[in-house]
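Report on the following structure.
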Amino acid sequence: MKVIVLGAGIVGVTSAYQLAKTGHDVTVIDRQQGAALETSFANAGEVSFGYCSPWAAPGIPMKAMKWLFMEHAPLILRPKVDVAMLCWLVKMFSNCTSNRYSINKSRMLRLADYSRVSLAELRAETGITYDERMRGTLQLFRTQRQLDASGKDVKALAADGIPYEVLDRDGCIRVEPALKHVRDKIAGGLLTPKDETGDCFKFTNALAKKAEELGVHFAYGTEIKGLDVEAGRVCGIVSDKGKLVADAVVVALGSYSPLLVRRFGIRLPVYPVKGYSLTIPITDASRAPESTVMDETYKIAITRLGDRIRVGGMAEISGYTNDLGQDRRRTLEHSVTDLFPGGDAAKASFWSGLRPMTPDGTPVIGPTKIAGLFLNTGHGTLGWTMSSGSARVIADLVSGRKPEIDATDFAIARYT
């Protein structure tokens with residue numbers, strides 16, 4: 001079939017690669033001049049198959065109220081007259097129950113573990129490199145209360161057979177030796193040893209080249225104006241360069257996906273939640289992380305990417321704005337210099353991106369009520385983590401095959 005993939009971020013490019021492997025004639029369309037130039041450009045760098053949890057969790061509504069008054073808050077809410085924002089917040093808070101958390105986390109872990117296997121196979125077959133490391137994620141707790149609260153995550157990991165290790169202070173230092181300099185700031189940690197790290201931008205561009213070798217055409221610098229739908233079936237898309245005909249269209253536009261499909265009555269509950277990152281050159285490797293450390297207090301990931309440290313995190317709910325707030329930079333700098341003062345923060349590059357979040361944390365992958373129109377979006381902070389598995393799922397669904405894992409509850413039907 002002729003398949004058009006909308007979006008050349010990590011999710012779009014992996015989807016295109018898998019669709020081309022299946023034998024389809026694939027075109028990728030993106031408004032940018034290259035791959036991974038928006039949300040995939042400078043994310044936290046963690047590929048967290050085990051550290052994979054919905055933001056909607058028990059206690060979050062109360063925590064959110066406290067965070068609003070913190071100097072270095074992990075959550076920033078900028079209320080506005082925005083029906084989509086309000087609806088999304090209501091749905092997100094309705095998922096903050098123990099039962100919903102358990103269901104959502106299990107669903108996310110299923111996809112993440114499938115993605116772990118898929119990424120390993122993809123790496124083996126392509127040989128691409130991207131500053132990758134396979135040394136796990138350490139969720140770092142600064143207080144005993146945080147360590148005690150990790151029990152719900154341990155329970156979910158155990159139930160899904162995901163390897164983990166609860167660590168005391170010395171155990172954390174064993175995994176991340178540079179923490180010995182700040183041992184008094186550590187209460188303990190939760191290690192998920194199968195997690196990985198890597199530069200998402202490098203990976204996406206390397207895979208885009210492999211996809212081109214399979215015949216995928218990339219139409220960069222092309223504005224998507226709308227979908228071409230006739231008699232309940234998608235026939236292609238309309239761009240600023242004219243119409244393109246297709247048998248199937250995969251929407252992988254991240255936060256912008258709902259804006260494209262809503263005129264056809266598809267209510268996609270994806271909303272942009274802005275995240276920030278710093279990329280810092282390492283000046284003292286003995287005081288830099290070996291892999292990813294997730295600072296639970298500030299919800300900030302500190303990741304080793306070759307000779308750089310990538311510091312990413314925070315959640316700003318402010319709509320489709322992508323300005324750089326200097327107070328957010330100070331929070332990132334505070335977290336990394338407090339634990340790993342092994343980089344030159346003064347020379348850091350500062351970035352922000354819009355994460356496409358769903359209220360329950362799980363992406364939306366699958367068909368829509370319009371024949372031939374598919375969704376692969378809403379991955380939130382886990383697009384890098386879930387992309388390889390999501391791509392195989394969508395390639396199977398577009399091809400009329402049953403996916404290798406249960407994907408029925410990834411579809412948009414769960415919201416209807």
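Residues in the structure tokens are named by chain (A, B, ... in the order shown) and by number from 1 within that chain; ligands are numbered from 1 in the order shown.
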Which residues of region 165-220 of chain A have any atom within 6 Å of an atom in region 9-27 of chain A when counting only C-alpha atoms, and what is the closest pair of atoms for each, with the distance in Å to one decimal? Order the rows by chain and rising number and write it as a tab-separated table.
```
residue	atom	partner	partner_atom	distance
A:Thr204	CA	A:Ile10	CA	5.5
A:Ala211	CA	A:Tyr17	CA	5.0
A:Val216	CA	A:Val26	CA	5.1
A:His217	CA	A:Thr27	CA	4.7
A:Phe218	CA	A:Thr27	CA	5.8
```
Write the selection just made, keeping N, CA and C atoms, as a PDB file, in the first residue's frame?
```pdb
ATOM      1  N   THR A 204      17.261   8.949  15.752  1.00  0.00           N
ATOM      2  CA  THR A 204      16.204   9.189  14.769  1.00  0.00           C
ATOM      3  C   THR A 204      16.784   9.505  13.407  1.00  0.00           C
ATOM      4  N   ALA A 211      15.918   4.097   6.734  1.00  0.00           N
ATOM      5  CA  ALA A 211      14.596   4.029   6.120  1.00  0.00           C
ATOM      6  C   ALA A 211      14.649   4.467   4.653  1.00  0.00           C
ATOM      7  N   VAL A 216      11.936   4.685   1.693  1.00  0.00           N
ATOM      8  CA  VAL A 216      11.075   5.701   2.293  1.00  0.00           C
ATOM      9  C   VAL A 216      11.466   7.079   1.762  1.00  0.00           C
ATOM     10  N   HIS A 217      10.453   7.855   1.384  1.00  0.00           N
ATOM     11  CA  HIS A 217      10.679   9.231   0.910  1.00  0.00           C
ATOM     12  C   HIS A 217      10.321  10.199   2.027  1.00  0.00           C
ATOM     13  N   PHE A 218      11.222  11.131   2.319  1.00  0.00           N
ATOM     14  CA  PHE A 218      10.986  12.135   3.347  1.00  0.00           C
ATOM     15  C   PHE A 218      10.721  13.485   2.678  1.00  0.00           C
TER      16      PHE A 218
END
```
- request: May I have the residues within 12 Å of region 225-227 of chain A as a ChimeraX atom specification, using only C-alpha atoms and disregarding those fewer than 3 positions away in the same chain?
  value: /A:4-6,29-31,222,230,232-246,248-251,256-264,370,372-374
- request: Could you tell me how far CA of Met134 (chain A) lies from CA of Lys210 (chain A), in Å and to one decimal?
  value: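 If I compute the distance from CA of Met134 (chain A) to CA of Lys210 (chain A), I get 22.6 Å.
Among the candidates A:Met357, A:Arg401, A:Ala42, A:Tyr271, the one nearest to Cys87 (chain A) when counting only C-alpha atoms is A:Tyr271.
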- request: Using DSSP on the backbone coordinates, identify the residues of region 146-294 of chain A assigned to alpha helix (DSSP H); present them as a PyMOL selection string.
  value: chain A and resi 146-149+151-159+169-175+200-213+257-261
Output the selection as a compact mmCIF listing (two decimals), in the first residue's frame - N, CA and C atoms for each residue.
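Once everything was written out, this is part_24.txt:
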```
# COMPACT_ATOMS: atom_id res chain seq x y z
N GLN A 146 9.91 9.20 50.43
CA GLN A 146 9.91 8.86 49.01
C GLN A 146 10.24 7.39 48.81
N LEU A 147 11.21 6.90 49.57
CA LEU A 147 11.60 5.49 49.47
C LEU A 147 10.44 4.58 49.86
N ASP A 148 9.73 4.92 50.93
CA ASP A 148 8.59 4.12 51.37
C ASP A 148 7.47 4.14 50.33
N ALA A 149 7.26 5.29 49.69
CA ALA A 149 6.17 5.43 48.71
C ALA A 149 6.44 4.67 47.43
N GLY A 151 6.82 1.69 47.09
CA GLY A 151 6.26 0.35 47.19
C GLY A 151 5.25 0.04 46.11
N LYS A 152 4.44 1.02 45.72
CA LYS A 152 3.42 0.78 44.69
C LYS A 152 4.07 0.48 43.34
N ASP A 153 5.20 1.15 43.07
CA ASP A 153 5.91 0.88 41.81
C ASP A 153 6.60 -0.47 41.84
N VAL A 154 7.17 -0.83 42.98
CA VAL A 154 7.80 -2.14 43.13
C VAL A 154 6.78 -3.24 42.90
N LYS A 155 5.59 -3.05 43.44
CA LYS A 155 4.52 -4.03 43.28
C LYS A 155 4.15 -4.21 41.81
N ALA A 156 4.03 -3.11 41.09
CA ALA A 156 3.69 -3.17 39.68
C ALA A 156 4.80 -3.82 38.86
N LEU A 157 6.05 -3.48 39.15
CA LEU A 157 7.18 -4.09 38.44
C LEU A 157 7.21 -5.59 38.66
N ALA A 158 7.01 -6.01 39.91
CA ALA A 158 7.02 -7.43 40.23
C ALA A 158 5.90 -8.17 39.51
N ALA A 159 4.72 -7.55 39.48
CA ALA A 159 3.56 -8.19 38.85
C ALA A 159 3.78 -8.40 37.36
N ARG A 169 21.58 3.53 50.62
CA ARG A 169 22.51 4.58 50.22
C ARG A 169 23.77 4.02 49.57
N ASP A 170 24.35 2.99 50.16
CA ASP A 170 25.57 2.41 49.61
C ASP A 170 25.31 1.73 48.27
N GLY A 171 24.12 1.15 48.14
CA GLY A 171 23.76 0.53 46.86
C GLY A 171 23.66 1.55 45.75
N CYS A 172 23.13 2.72 46.05
CA CYS A 172 23.04 3.79 45.05
C CYS A 172 24.44 4.22 44.60
N ILE A 173 25.35 4.31 45.56
CA ILE A 173 26.72 4.72 45.24
C ILE A 173 27.44 3.63 44.44
N ARG A 174 27.12 2.39 44.72
CA ARG A 174 27.70 1.30 43.92
C ARG A 174 27.31 1.42 42.45
N VAL A 175 26.06 1.78 42.20
CA VAL A 175 25.56 1.92 40.83
C VAL A 175 26.06 3.21 40.18
N CYS A 200 18.37 10.65 21.41
CA CYS A 200 17.21 10.41 20.55
C CYS A 200 17.37 11.07 19.18
N PHE A 201 17.94 12.26 19.15
CA PHE A 201 18.15 12.96 17.89
C PHE A 201 19.08 12.18 16.98
N LYS A 202 20.20 11.71 17.54
CA LYS A 202 21.15 10.93 16.73
C LYS A 202 20.50 9.64 16.22
N PHE A 203 19.76 8.97 17.11
CA PHE A 203 19.11 7.71 16.72
C PHE A 203 18.11 7.94 15.60
N THR A 204 17.26 8.95 15.75
CA THR A 204 16.20 9.19 14.77
C THR A 204 16.78 9.51 13.41
N ASN A 205 17.82 10.33 13.37
CA ASN A 205 18.43 10.67 12.08
C ASN A 205 19.14 9.49 11.45
N ALA A 206 19.80 8.67 12.28
CA ALA A 206 20.46 7.47 11.74
C ALA A 206 19.43 6.49 11.18
N LEU A 207 18.30 6.35 11.88
CA LEU A 207 17.26 5.43 11.40
C LEU A 207 16.57 5.99 10.15
N ALA A 208 16.43 7.31 10.07
CA ALA A 208 15.84 7.91 8.88
C ALA A 208 16.67 7.57 7.64
N LYS A 209 18.00 7.57 7.77
CA LYS A 209 18.86 7.19 6.64
C LYS A 209 18.66 5.73 6.26
N LYS A 210 18.51 4.87 7.27
CA LYS A 210 18.24 3.45 6.99
C LYS A 210 16.88 3.29 6.31
N ALA A 211 15.92 4.10 6.73
CA ALA A 211 14.60 4.03 6.12
C ALA A 211 14.65 4.47 4.65
N GLU A 212 15.45 5.49 4.37
CA GLU A 212 15.61 5.93 2.99
C GLU A 212 16.20 4.82 2.13
N GLU A 213 17.11 4.04 2.70
CA GLU A 213 17.70 2.91 1.97
C GLU A 213 16.64 1.85 1.65
N SER A 257 -1.40 16.31 16.94
CA SER A 257 -2.29 15.31 16.36
C SER A 257 -3.77 15.65 16.55
N PRO A 258 -4.21 16.06 17.76
CA PRO A 258 -5.64 16.36 17.94
C PRO A 258 -6.15 17.47 17.03
N LEU A 259 -5.29 18.46 16.73
CA LEU A 259 -5.70 19.59 15.91
C LEU A 259 -6.01 19.15 14.49
N LEU A 260 -5.37 18.10 14.02
CA LEU A 260 -5.58 17.62 12.65
C LEU A 260 -6.85 16.80 12.53
N VAL A 261 -7.16 15.99 13.53
CA VAL A 261 -8.24 15.01 13.38
C VAL A 261 -9.58 15.46 13.97
```
task: Using DSSP on the backbone coordinates, identify all residues within region 19-247 of chain A classified as strand (DSSP E or B); present the result as a VMD selection string.
output: chain A and resid 25 to 29 46 to 47 75 to 77 133 137 to 141 165 to 167 188 to 192 196 to 197 217 to 219 224 to 230 233 to 239 242 to 245
A:Gly215, A:Pro289, A:Gly7, A:Gly313 ranked by distance to Ala73 (chain A), top pick (using only C-alpha atoms):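 Among the listed residues, the smallest separation from Ala73 (chain A) belongs to A:Gly313.
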message: At a cut-off of 7 Å, using only C-alpha atoms, what residues contact Thr279 (chain A)? Leave out same-chain residues fewer than 4 positions from it and give the result as a list in words.
response: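 Final neighbour list, sorted by chain and number: Arg308, Ile309, Arg310, Val311, Ala348, Ser349 and Phe350 of chain A.
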Might you pull out every residue within 9 Å of Leu190 (chain A), with only C-alpha atoms counted and same-chain residues fewer than 6 positions away left off, and present them as a short mmCIF file (atom, residue, chain, number, x, y, z; two decimals) with N, CA, C and O atoms, in the first residue's frame?
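The file below, result-v9.cif, is the result:
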```
data_model
loop_
_atom_site.label_atom_id
_atom_site.label_comp_id
_atom_site.auth_asym_id
_atom_site.auth_seq_id
_atom_site.Cartn_x
_atom_site.Cartn_y
_atom_site.Cartn_z
N TYR A 51 11.43 2.15 34.45
CA TYR A 51 10.96 3.39 35.07
C TYR A 51 9.92 3.99 34.13
O TYR A 51 10.18 4.87 33.34
N THR A 137 18.32 2.62 34.99
CA THR A 137 17.87 3.89 35.56
C THR A 137 17.83 3.77 37.07
O THR A 137 17.29 2.80 37.61
N LEU A 138 18.40 4.75 37.75
CA LEU A 138 18.34 4.80 39.21
C LEU A 138 17.38 5.91 39.62
O LEU A 138 17.63 7.09 39.39
N GLN A 139 16.23 5.52 40.18
CA GLN A 139 15.30 6.49 40.73
C GLN A 139 15.80 6.83 42.13
O GLN A 139 15.81 5.99 43.02
N LEU A 140 16.24 8.07 42.30
CA LEU A 140 16.94 8.47 43.52
C LEU A 140 15.98 9.16 44.49
O LEU A 140 15.31 10.14 44.14
N PHE A 141 15.94 8.64 45.71
CA PHE A 141 15.08 9.20 46.74
C PHE A 141 15.93 9.97 47.75
O PHE A 141 16.85 9.42 48.35
N LEU A 147 11.21 6.90 49.57
CA LEU A 147 11.60 5.49 49.47
C LEU A 147 10.44 4.58 49.86
O LEU A 147 10.15 3.59 49.17
N SER A 150 7.68 4.23 47.21
CA SER A 150 8.01 3.49 45.99
C SER A 150 7.43 2.09 45.99
O SER A 150 7.52 1.38 44.99
N VAL A 154 7.17 -0.83 42.98
CA VAL A 154 7.80 -2.14 43.13
C VAL A 154 6.78 -3.24 42.90
O VAL A 154 7.05 -4.26 42.22
N TYR A 164 14.05 -5.39 38.96
CA TYR A 164 14.27 -4.19 39.74
C TYR A 164 15.11 -4.53 40.97
O TYR A 164 15.27 -5.70 41.32
N GLU A 165 15.63 -3.49 41.61
CA GLU A 165 16.38 -3.69 42.85
C GLU A 165 16.19 -2.45 43.73
O GLU A 165 16.43 -1.33 43.28
N VAL A 166 15.73 -2.65 44.94
CA VAL A 166 15.62 -1.56 45.91
C VAL A 166 16.96 -1.41 46.60
O VAL A 166 17.52 -2.39 47.12
N LEU A 167 17.49 -0.20 46.60
CA LEU A 167 18.86 0.05 47.08
C LEU A 167 18.88 0.97 48.29
O LEU A 167 18.07 1.89 48.41
N ASP A 168 19.82 0.72 49.17
CA ASP A 168 20.08 1.67 50.24
C ASP A 168 21.10 2.69 49.73
O ASP A 168 21.47 2.70 48.55
N CYS A 172 23.13 2.72 46.05
CA CYS A 172 23.04 3.79 45.05
C CYS A 172 24.44 4.22 44.60
O CYS A 172 24.69 4.44 43.41
#
```
Closest atom pairs, residues of region 110-192 of chain A within 10 Å of region 391-397 of chain A, only C-alpha atoms, as a Markdown table:
```
| residue | atom | partner | partner_atom | distance |
| --- | --- | --- | --- | --- |
| A:Leu111 | CA | A:Val393 | CA | 9.3 |
| A:Tyr114 | CA | A:Arg392 | CA | 9.3 |
| A:Ser115 | CA | A:Arg392 | CA | 8.7 |
| A:Ser118 | CA | A:Arg392 | CA | 7.8 |
```
Next, dump the selected residues to file, keeping only N, CA and C atoms, as a PDB file, in the first residue's frame.
```pdb
ATOM      1  N   LEU A 111       3.812  -2.339  26.838  1.00  0.00           N
ATOM      2  CA  LEU A 111       4.338  -1.733  25.620  1.00  0.00           C
ATOM      3  C   LEU A 111       5.822  -1.428  25.745  1.00  0.00           C
ATOM      4  N   TYR A 114       7.908  -4.586  25.353  1.00  0.00           N
ATOM      5  CA  TYR A 114       7.928  -4.977  23.937  1.00  0.00           C
ATOM      6  C   TYR A 114       8.874  -4.064  23.161  1.00  0.00           C
ATOM      7  N   SER A 115       8.890  -2.798  23.530  1.00  0.00           N
ATOM      8  CA  SER A 115       9.782  -1.852  22.872  1.00  0.00           C
ATOM      9  C   SER A 115      11.245  -2.158  23.192  1.00  0.00           C
ATOM     10  N   SER A 118      12.154  -4.830  20.863  1.00  0.00           N
ATOM     11  CA  SER A 118      12.152  -4.310  19.496  1.00  0.00           C
ATOM     12  C   SER A 118      13.369  -3.430  19.228  1.00  0.00           C
TER      13      SER A 118
END
```
